[in-house]
Amino acid sequence: MPENEAYSVLVVDDSPEQIRYISEILKPEGCRIYAATSCAAAFKILKQHLPNLIILDIVMPDMDGFELCKILKADERTVDIPVIFATAYHDSDYLGEGFAVGGCDYLIKPFIREELLERVKVRIRLSRKRIEIQRAYAELDKFCYTVSHDIRAPLYVIRQLTQLLADEVKDGDPQEAQKICQMILDKASQAANMTDGLHRFSKAFYQNIDRTEADVDQMFEEVFGELSMLEGDRKIEFEKEKLPKVIGDPLLIRLVIQNILSNAIKFTRNRKTAKITVKAENTAHHQSYIVTDNGIGFDEKYSEELFQIYHRLHTREEYEGDGIGLATVKRIMMRHGGKVDIESKPDKGTSVRLIFPLD
């Protein structure tokens with residue numbers, strides 16, 4: 001059930017036996033269980049932990065489940081946590097009250113194992129989708145603001161340079177006009193490169209995910225071969241163990257690999273011998289690919305900022321790039337239900353971990 005982290009469920013029931021039964025069903029699926037035998041105990045837990053789902057008994061000794069749900073849905077910290085009511089009653093009016101106060105589903109006691117498991121899985125999947133949509137909207141807001149700000153700068157310069165060019169042509173100074181033409185070309189190229197990067201980034205947002213078996217080992221071989229051909233006689237040691245395949249979109253995964261290897265090659269240029277290694281690690285729920293280089297590295301306090309669109313730690317004169325690559329990588333990994341982590345130290349190289357879910 002979990003993808004890139006353990007999912008937690010708060011079970012609120014005055015029967016320890018019921019809590020134990022639910023725990024025995026959900027724990028083997030990777031869920032972390034928080035247990036409360038009263039609403040007061042549930043409030044204490046919620047002050048410390050926000051679960052991904054709440055299974056709530058309606059008949060409780062200190063406060064009924066309907067009242068607790070009302071309070072949770074009025075609190076901005078807990079309003080988005082899905083609540084499944086547990087009840088021994090089949091009455092439609094009774095169940096309807098549960099939906100009216102914010103419940104999203106119900107379970108009839110005594111629980112049927114398969115039904116309980118499937119309803120919890122459905123709600124967790126829906127919760128994941130909701131969180132993903134919220135993140136996407138937040139990224140899109142930031143994306144639109146950044147785009148309008150950063151693309152405006154070269155276009156504004158182009159407009160000024162065009163006016164200068166017109167003046168120089170009018171005054172009959174071809175040499176100065178030629179200089180201005182080159183400056184216009186440079187700024188126009190910068191704007192064009194930015195829009196190309198935006199196109200790649202937008203594909204990471206909106207392109208449909210084609211989940212098939214992706215040959216990651218072959219992709220790393222091919223992409224490194226293509227990129228290293230552009231590096232002339234540079235000495236680059238590329239070590240890669242045999243990498244397992246993964247389920248995902250081959251085109252988008254290849255774009256991730258291209259961005260990561262491109263950075264590794266770029267930021268090792270000041271090394272006499274560049275060293276890039278690729279290895280795989282796997283757990284019960286994840287498949288990871290780790291790309292490590294001996295490049296210039298960076299202070300890890302900037303690691304989160306690097307995943308923001310257009311964020312750079314170096315000028316374009318120092319290292320080429322559009323500041324979109326890592327933002328694209330992060331978005332593609334999120335759309336696969338995975339994530340990307342970076343570890344680095346100044347002048348000590350960088351290690352990028354691509355984490356895919358196996359469930």
# chains A, B, ... in the order shown; residues from 1 in each chain; ligands from 1
$ residues_around --residues "Asp249 (chain A)" --least-positions-apart "2" --cutoff "8 Å" --atoms "only C-alpha atoms" --output "MDAnalysis selection string"
chainID A and resid 209:214 247 251:253
$ write_last_selection --atoms "N, CA and C atoms" --output "PDB file, in the first residue's frame"
ATOM      1  N   ILE A 209       1.189   9.483 -18.167  1.00  0.00           N
ATOM      2  CA  ILE A 209       2.178   8.499 -17.739  1.00  0.00           C
ATOM      3  C   ILE A 209       1.875   7.156 -18.408  1.00  0.00           C
ATOM      4  N   ASP A 210       2.840   6.669 -19.172  1.00  0.00           N
ATOM      5  CA  ASP A 210       2.707   5.370 -19.826  1.00  0.00           C
ATOM      6  C   ASP A 210       3.484   4.352 -19.000  1.00  0.00           C
ATOM      7  N   ARG A 211       2.792   3.642 -18.139  1.00  0.00           N
ATOM      8  CA  ARG A 211       3.463   2.747 -17.193  1.00  0.00           C
ATOM      9  C   ARG A 211       3.769   1.403 -17.851  1.00  0.00           C
ATOM     10  N   THR A 212       4.998   1.274 -18.279  1.00  0.00           N
ATOM     11  CA  THR A 212       5.469   0.016 -18.853  1.00  0.00           C
ATOM     12  C   THR A 212       6.820  -0.307 -18.208  1.00  0.00           C
ATOM     13  N   GLU A 213       7.416  -1.408 -18.610  1.00  0.00           N
ATOM     14  CA  GLU A 213       8.717  -1.776 -18.071  1.00  0.00           C
ATOM     15  C   GLU A 213       9.796  -0.933 -18.733  1.00  0.00           C
ATOM     16  N   ALA A 214      10.550  -0.218 -17.946  1.00  0.00           N
ATOM     17  CA  ALA A 214      11.598   0.663 -18.460  1.00  0.00           C
ATOM     18  C   ALA A 214      12.967   0.044 -18.190  1.00  0.00           C
ATOM     19  N   ILE A 247       9.006  -0.107 -13.374  1.00  0.00           N
ATOM     20  CA  ILE A 247       7.761   0.224 -14.058  1.00  0.00           C
ATOM     21  C   ILE A 247       7.577   1.741 -14.054  1.00  0.00           C
ATOM     22  N   LEU A 251       9.885   7.368 -21.642  1.00  0.00           N
ATOM     23  CA  LEU A 251      10.308   8.669 -22.173  1.00  0.00           C
ATOM     24  C   LEU A 251      10.628   9.648 -21.050  1.00  0.00           C
ATOM     25  N   LEU A 252       9.766   9.683 -20.023  1.00  0.00           N
ATOM     26  CA  LEU A 252       9.990  10.612 -18.913  1.00  0.00           C
ATOM     27  C   LEU A 252      11.172  10.161 -18.058  1.00  0.00           C
ATOM     28  N   ILE A 253      11.307   8.863 -17.839  1.00  0.00           N
ATOM     29  CA  ILE A 253      12.445   8.367 -17.058  1.00  0.00           C
ATOM     30  C   ILE A 253      13.750   8.674 -17.789  1.00  0.00           C
TER      31      ILE A 253
END
$ closest_atom_pairs --of "region 75-186 of chain A" --to "region 5-27 of chain A" --cutoff "12 Å" --atoms "only C-alpha atoms" --output "Markdown table"
| residue | atom | partner | partner_atom | distance |
| --- | --- | --- | --- | --- |
| A:Ile81 | CA | A:Val9 | CA | 10.0 |
| A:Pro82 | CA | A:Val9 | CA | 10.0 |
| A:Val83 | CA | A:Leu10 | CA | 9.5 |
| A:Ile84 | CA | A:Val11 | CA | 9.6 |
| A:Phe85 | CA | A:Val12 | CA | 9.6 |
| A:Ala86 | CA | A:Asp13 | CA | 8.5 |
| A:Thr87 | CA | A:Asp13 | CA | 10.2 |
| A:Leu107 | CA | A:Ile22 | CA | 11.5 |
| A:Lys109 | CA | A:Gln18 | CA | 9.3 |
| A:Pro110 | CA | A:Gln18 | CA | 8.9 |
| A:Phe111 | CA | A:Ile22 | CA | 8.6 |
| A:Ile112 | CA | A:Ile22 | CA | 10.1 |
| A:Arg113 | CA | A:Ile25 | CA | 6.9 |
| A:Glu114 | CA | A:Ile25 | CA | 9.0 |
| A:Glu115 | CA | A:Ile25 | CA | 10.8 |
| A:Leu116 | CA | A:Ile22 | CA | 8.1 |
| A:Leu117 | CA | A:Leu26 | CA | 7.0 |
| A:Glu118 | CA | A:Leu26 | CA | 10.5 |
| A:Arg119 | CA | A:Leu26 | CA | 11.4 |
| A:Val120 | CA | A:Leu26 | CA | 8.7 |
| A:Lys121 | CA | A:Leu26 | CA | 9.7 |
| A:Arg123 | CA | A:Val9 | CA | 11.0 |
| A:Ile124 | CA | A:Tyr7 | CA | 8.1 |
| A:Arg125 | CA | A:Tyr7 | CA | 10.7 |
| A:Ser127 | CA | A:Tyr7 | CA | 10.7 |
| A:Arg128 | CA | A:Tyr7 | CA | 10.2 |
$ closest_atom_pairs --of "region 160-279 of chain A" --to "region 347-356 of chain A" --cutoff "9 Å" --atoms "only C-alpha atoms" --output "CSV"
residue,atom,partner,partner_atom,distance
A:Val246,CA,A:Phe356,CA,7.8
A:Ile247,CA,A:Phe356,CA,8.5
A:Gly248,CA,A:Phe356,CA,8.7
A:Val256,CA,A:Leu354,CA,9.0
A:Ile260,CA,A:Val352,CA,7.7
A:Ala264,CA,A:Thr350,CA,8.0
A:Phe267,CA,A:Gly349,CA,8.6
A:Thr268,CA,A:Gly349,CA,8.3
$ atom_distance --atom1 "CA of Lys345 (chain A)" --atom2 "CA of Gly297 (chain A)"
5.2 Å
$ atom_distance --atom1 "CA of Glu343 (chain A)" --atom2 "CA of Phe220 (chain A)"
20.2 Å
$ closest_residue --among "A:Gln258, A:Glu132, A:Lys44, A:Asp173" --to "Gly338 (chain A)" --atoms "only C-alpha atoms"
A:Glu132
$ residues_around --residues "region 275-284 of chain A" --least-positions-apart "3" --cutoff "8 Å" --atoms "only C-alpha atoms" --output "ChimeraX atom specification"
/A:236-244,264-265,268,287-294,358
$ write_last_selection --atoms "C-alpha atoms" --output "PDB file, in the first residue's frame"
ATOM      1  CA  ILE A 236      35.475  10.638 -17.713  1.00  0.00           C
ATOM      2  CA  GLU A 237      35.362   7.398 -15.751  1.00  0.00           C
ATOM      3  CA  PHE A 238      31.830   5.979 -15.861  1.00  0.00           C
ATOM      4  CA  GLU A 239      31.147   3.010 -13.600  1.00  0.00           C
ATOM      5  CA  LYS A 240      27.740   1.380 -13.566  1.00  0.00           C
ATOM      6  CA  GLU A 241      26.596  -1.876 -12.074  1.00  0.00           C
ATOM      7  CA  LYS A 242      23.839  -3.851 -13.779  1.00  0.00           C
ATOM      8  CA  LEU A 243      20.639  -1.924 -13.031  1.00  0.00           C
ATOM      9  CA  PRO A 244      17.220  -3.536 -12.605  1.00  0.00           C
ATOM     10  CA  ALA A 264      27.178  15.185 -13.315  1.00  0.00           C
ATOM     11  CA  ILE A 265      29.212  15.745 -16.486  1.00  0.00           C
ATOM     12  CA  THR A 268      32.967  17.687 -12.953  1.00  0.00           C
ATOM     13  CA  GLN A 287      13.683   0.765  -6.124  1.00  0.00           C
ATOM     14  CA  SER A 288      16.432   3.395  -6.016  1.00  0.00           C
ATOM     15  CA  TYR A 289      19.122   4.469  -8.481  1.00  0.00           C
ATOM     16  CA  ILE A 290      22.053   6.457  -7.088  1.00  0.00           C
ATOM     17  CA  VAL A 291      24.214   8.656  -9.335  1.00  0.00           C
ATOM     18  CA  THR A 292      27.406   9.943  -7.667  1.00  0.00           C
ATOM     19  CA  ASP A 293      30.051  12.293  -9.064  1.00  0.00           C
ATOM     20  CA  ASN A 294      33.286  13.878  -7.834  1.00  0.00           C
ATOM     21  CA  LEU A 358       7.459  -0.857  -6.255  1.00  0.00           C
TER      22      LEU A 358
END
